[in-house]
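Have a look at the structure below before the remarks.
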Amino acid sequence: MGASPPLQLAFFGDDFTGSTDALEQLAQAGLRTVLLHELTSATSLAAFGPLDAIGVAGATRSLSPDAMEAQLRPAFAAMRSLSPRHVHYKVCSTFDSSPEVGSIGRALEVGAACFPARFVPLVVGAPALGRYCAFGNLFARMGIGSAGEVHRLDRHPSMSRHPVTPADEADLRLHLARQTKKRIGLVDVLRLDAGDEATRSALDWELGRGAEIVLFDALTPAHLARIGAVLEERAGAGGPLFSVGSSGVEMALTAHWLAQGTCLRRIDWPAPGVAEPLLVLSGSCSPVTARQIAWAEGQGFAAVALDVAAVARGEPAPSREASRALVTALRAGRSTVLFTSRGGAESEQVSLSVAERGVLGGALGAIAREVLGQVPVRRLLVAGGDSSSLVAASLGIQALTMIAPLAPGAPLCRVHAPGSPADGIEVNFKGGQVGTDDYFARVVRGR
């Protein structure tokens with residue numbers, strides 16, 4: 001496939017927003033990284049020059065277990081042919097999943113079969129994103145990059161009400177046990193605080209008890225660096241080390257590599273500057289994104305609501321009307337938001353089936369393609385993890401490379417989409433929980 005060996009890491013992201021999060025962690029550590037929409041034996045990486053890491057942005061977060069496996073097996077086989085030191089199945093830092101949709105357990109089982117090893121490390125905590133794992137329980141800040149309150153996941157105001165995979169269990173071992181029969185162990189925060197040897201001993205003890213998956217707590221960057229050292233020690237013998245988790249995996253590994261001097265943090269990201277008008281597509285139901293839409297509307301953004309129920313029924317008129325409204329506003333120089341929800345449990349979007357959500361996400365992407373074909377927009381923002389992959393597919397995105405950091409976990413990227421009106425534009429994929437109320441204005445300013 002034309003990659004310059006050796007690759008340090010290859011990852012598969014369960015949606016586009018989460019994939020750009022992992023891309024950012026690697027690129028900011030100085031690793032030459034490209035994020036692909038698809039990786040097969042025929043994929044050419046030569047156009048991107050020498051690479052240290054690659055990622056694949058999938059859509060498994062919104063798929064059934066069998067559909068996930070059909071997507072993951074060929075992708076993992078293609079990754080194995082590149083002989084990376086690490087392979088990572090990247091999930092959302094709020095562990096969005098269920099036995100029926102986005103099953104992390106099924107992804108873990110497929111990866112373990114493709115990359116046999118004594119165990120699969122599980123790293124979910126990501127302190128830089130406000131995600132903390134203590135004694136196996138996950139806690140999440142309300143709003144990434146904000147000063148929001150930290151909640152236990154099953155009491156989180158947004159995640160406990162997620163429209164597809166609501167969090168009803170904060171103990172990740174219990175949550176994951178619904179999705180796999182593999183035995184799950186834990187290296188807890190007390191062992192991590194006790195030092196490198198205590199961490200290794202705790203891991204060996206769990207493996208001796210028959211653990212096939214080992215969850216690592218993570219509350220601080222120091223914990224991640226210690227975890228990264230353990231993962232690096234376990235890699236390379238008999239093939240890539242396969243791990244599962246949030247971008248905490250990339251944070252852990254790059255922290256260790258930086259400490260060892262094997263990669264250098266890049267500090268000269270160019271300022272991308274102001275780009276107006278901005279086009280925003282929001283498929284998010286998060287109250288964080290809802291506040292951002294309200295703030296932007298109050299600052300003069302045009303706000304266009306998409307008729308969710310009609311689009312889900314397959315009616316074409318709402319999409320045509322939304323496209324016309326967006327084109328009119330953008331041609332007048334107004335930054336514009338197309339949204340499907342104002343947030344809250346009363347939203348029509350909450351009651352949609354998985355198939356109807358797929359129709360809605362595809363409609364957002366089709367509208368974006370239509371608008372970009374008529375108005376030369378330089379910068380696009382896509383909000384919402386579940387819809388991001390569908391928007392990217394509709395736009396024909398083949399790859400992304402990072403331009404500059406904007407908010408934790410949501411960098412500004414360059415689109416590579418030959419033959420598409422999106423080719424060459426700048427895009428920011430953000431999860432529903434990312435950003436302060438004035439986030440859209442920050443993306444306009446490029447900082």
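Here's how to read the names in the structure tokens: chain A, B, ... by the order shown, residue numbers from 1 in each chain, ligand numbers from 1 in the order shown.
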
Legend entry - Non-local contacts of A:Ser160 (12 Å; only C-alpha atoms; under 6 positions in same chain excluded) as a PyMOL selection string: chain A and resi 94-96+139-140+142+151-154+166-170+286+344-345

Can you list, as a CSV table (one decimal) with C-alpha atoms, in the first residue's frame, all residues belonging to stretch 140-197 of chain A that DSSP tags as strand (DSSP E or B)?
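Written file, selection39.csv:
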```
chain,number,residue,atom,x,y,z
A,140,ALA,CA,-17.3,12.9,32.1
A,141,ARG,CA,-17.2,16.7,32.2
A,144,ILE,CA,-15.2,19.2,26.4
A,150,VAL,CA,-17.9,16.5,36.1
A,151,HIS,CA,-20.6,13.7,36.4
A,152,ARG,CA,-20.5,10.0,36.8
A,171,ASP,CA,-18.7,0.8,35.7
A,184,ILE,CA,-12.2,-8.2,32.2
A,185,GLY,CA,-9.6,-7.1,34.8
A,186,LEU,CA,-8.6,-3.7,36.2
A,187,VAL,CA,-5.4,-1.9,37.0
```

Inset, instruction - May I ask for the distance between atom CA of A:Leu23 and atom CA of A:Leu264, given in Å to one decimal place? - result: 15.4 Å

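Closest approach to A:Thr33 from the set A:Leu400, A:Thr20, A:Val189, A:Asp52 is made by A:Asp52, with distances taken over only C-alpha atoms.
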
Legend entry - Atomic separation - atom CA of A:Arg61 relative to atom CA of A:Ser97, Å: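 So the two atoms, atom CA of A:Ser97 and atom CA of A:Arg61, lie 7.0 Å apart.
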
Inset, instruction - Kindly indicate which residue among A:Ala107, A:Leu412, A:Met68, A:Leu172 lies nearest to A:Arg445, using only C-alpha atoms for the distances. - result: A:Leu412

Inset, instruction - Would you please extract all alpha helix (DSSP H) residues from stretch 234-291 of chain A, as assigned by DSSP on the backbone, and give them as a PyMOL selection string? - result: chain A and resi 234+248-260+287-291

Let's have the selection written as an mmCIF file, in the first residue's frame, with C-alpha atoms.
```
data_model
loop_
_atom_site.group_PDB
_atom_site.id
_atom_site.type_symbol
_atom_site.label_atom_id
_atom_site.label_comp_id
_atom_site.auth_asym_id
_atom_site.auth_seq_id
_atom_site.Cartn_x
_atom_site.Cartn_y
_atom_site.Cartn_z
ATOM 1 C CA ARG A 234 3.996 -5.255 25.424
ATOM 2 C CA GLY A 248 -6.464 8.192 25.771
ATOM 3 C CA VAL A 249 -4.585 5.402 23.953
ATOM 4 C CA GLU A 250 -2.880 7.948 21.676
ATOM 5 C CA MET A 251 -2.330 10.284 24.627
ATOM 6 C CA ALA A 252 -0.709 7.470 26.602
ATOM 7 C CA LEU A 253 1.582 6.283 23.830
ATOM 8 C CA THR A 254 2.668 9.735 22.650
ATOM 9 C CA ALA A 255 3.331 10.822 26.263
ATOM 10 C CA HIS A 256 5.687 7.859 26.605
ATOM 11 C CA TRP A 257 7.294 8.401 23.205
ATOM 12 C CA LEU A 258 7.829 12.088 23.955
ATOM 13 C CA ALA A 259 9.431 11.219 27.290
ATOM 14 C CA GLN A 260 11.728 8.776 25.494
ATOM 15 C CA PRO A 287 -27.500 20.443 25.142
ATOM 16 C CA VAL A 288 -23.919 21.681 24.685
ATOM 17 C CA THR A 289 -24.447 22.011 20.936
ATOM 18 C CA ALA A 290 -27.929 23.444 21.507
ATOM 19 C CA ARG A 291 -26.408 26.286 23.531
#
```

Legend entry - Long-range neighbours of A:Val382 as a list in words, 9 Å cut-off, only C-alpha atoms, 3 positions minimum in chain: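 Using only C-alpha atoms, the neighbours found are Thr17, Leu279, Val280, Leu281, Ser282, Gly283, Gly385, Ser387, Ser388, Val391, Val427, Asn428, Phe429, Lys430 and Gly431 of chain A.
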
Would you mind exporting the chosen residues as a compact mmCIF listing (two decimals), in the first residue's frame, restricted to N, CA and C atoms?
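Final file, selection.txt:
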```
# COMPACT_ATOMS: atom_id res chain seq x y z
N THR A 17 -15.88 12.15 14.02
CA THR A 17 -15.46 13.12 15.04
C THR A 17 -14.40 12.51 15.95
N LEU A 279 -20.20 27.49 7.27
CA LEU A 279 -21.36 26.60 7.16
C LEU A 279 -21.28 25.57 8.27
N VAL A 280 -22.33 25.48 9.09
CA VAL A 280 -22.40 24.52 10.19
C VAL A 280 -23.52 23.53 9.91
N LEU A 281 -23.22 22.25 10.02
CA LEU A 281 -24.23 21.19 9.94
C LEU A 281 -24.28 20.51 11.30
N SER A 282 -25.42 20.53 11.96
CA SER A 282 -25.53 19.94 13.28
C SER A 282 -26.58 18.84 13.30
N GLY A 283 -26.11 17.62 13.56
CA GLY A 283 -27.01 16.49 13.78
C GLY A 283 -27.03 16.09 15.23
N GLY A 385 -21.47 13.17 16.57
CA GLY A 385 -20.71 11.98 16.23
C GLY A 385 -21.48 10.99 15.38
N SER A 387 -23.82 11.39 13.20
CA SER A 387 -24.09 11.81 11.82
C SER A 387 -22.83 12.14 11.04
N SER A 388 -21.70 12.28 11.72
CA SER A 388 -20.49 12.78 11.05
C SER A 388 -20.01 11.86 9.93
N VAL A 391 -22.24 12.23 6.85
CA VAL A 391 -21.95 13.48 6.15
C VAL A 391 -20.66 13.34 5.34
N VAL A 427 -12.33 21.61 7.33
CA VAL A 427 -13.47 21.04 8.03
C VAL A 427 -13.11 20.83 9.50
N ASN A 428 -14.08 21.06 10.35
CA ASN A 428 -13.95 20.78 11.77
C ASN A 428 -15.09 19.83 12.16
N PHE A 429 -14.74 18.60 12.51
CA PHE A 429 -15.71 17.64 13.02
C PHE A 429 -15.69 17.71 14.53
N LYS A 430 -16.83 18.01 15.15
CA LYS A 430 -16.85 18.09 16.61
C LYS A 430 -17.96 17.22 17.18
N GLY A 431 -17.66 16.54 18.27
CA GLY A 431 -18.68 15.78 18.97
C GLY A 431 -19.67 16.72 19.64
```

Inset, instruction - Considering only C-alpha atoms, state which residue in the set A:Gly148, A:Pro121, A:Gly419, A:Pro408 is at the smallest distance from A:Leu395. - result: A:Gly419

Inset, instruction - Return the single residue from A:Gly145, A:Pro270, A:Gly396, A:Gly111 that is closest to A:Leu129, with distances computed using only C-alpha atoms. - result: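 Of A:Gly145, A:Pro270, A:Gly396, A:Gly111, the one nearest A:Leu129, counting only C-alpha atoms, is A:Gly145.
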
Legend entry - Shell of 12 Å around A:Leu7, only C-alpha atoms, local chain residues under 5 positions omitted, as number ranges by chain: A: 2, 31-34, 50-55, 79-87, 236, 240

Inset, instruction - State, in Å with one decimal place, the distance from atom CA of A:Phe11 to atom CA of A:Ala27. - result: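 Those two atoms sit 13.3 Å apart.
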
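Excluding A:Lys182 itself and same-chain residues fewer than 6 positions from it, the residues having an atom within 8 Å of it are Ala211, Glu212 and Ile213 of chain A, counting only C-alpha atoms.
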
Legend entry - Counting only C-alpha atoms, the residue of A:Glu109, A:Glu24, A:Asp217, A:Glu206 that sits nearest A:Pro65: A:Glu109

Inset, instruction - Please provide as a ChimeraX atom specification all residues within 9 Å of A:Ala404, with the sequence filter that same-chain residues fewer than 2 positions apart are discarded (counting only C-alpha atoms). - result: /A:24,28,269-272,402,406,411-413,446-447

Export, as a PDB file, in the first residue's frame, the selected residues with C-alpha atoms.
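Heads up, here's the output in selection.pdb:
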```
ATOM      1  CA  GLU A  24      -4.963  15.422  16.557  1.00  0.00           C
ATOM      2  CA  GLN A  28       0.465  17.251  17.818  1.00  0.00           C
ATOM      3  CA  TRP A 269       1.034  25.057  13.668  1.00  0.00           C
ATOM      4  CA  PRO A 270       0.118  27.871  11.279  1.00  0.00           C
ATOM      5  CA  ALA A 271      -2.708  30.196  12.261  1.00  0.00           C
ATOM      6  CA  PRO A 272      -5.536  29.296   9.861  1.00  0.00           C
ATOM      7  CA  MET A 402      -4.611  18.171  10.217  1.00  0.00           C
ATOM      8  CA  LEU A 406      -8.951  24.425  17.556  1.00  0.00           C
ATOM      9  CA  PRO A 411      -8.881  19.934  15.118  1.00  0.00           C
ATOM     10  CA  LEU A 412      -9.244  21.865  11.880  1.00  0.00           C
ATOM     11  CA  CYS A 413      -8.502  19.544   8.963  1.00  0.00           C
ATOM     12  CA  GLY A 446      -9.674  29.789  13.419  1.00  0.00           C
ATOM     13  CA  ARG A 447      -8.620  29.770  17.060  1.00  0.00           C
TER      14      ARG A 447
END
```

Inset, instruction - Go through A:Pro376, A:Gly358, A:Pro221, A:Gly58 and flag the residue nearest A:Ile425, using only C-alpha atoms for the distances. - result: A:Pro376
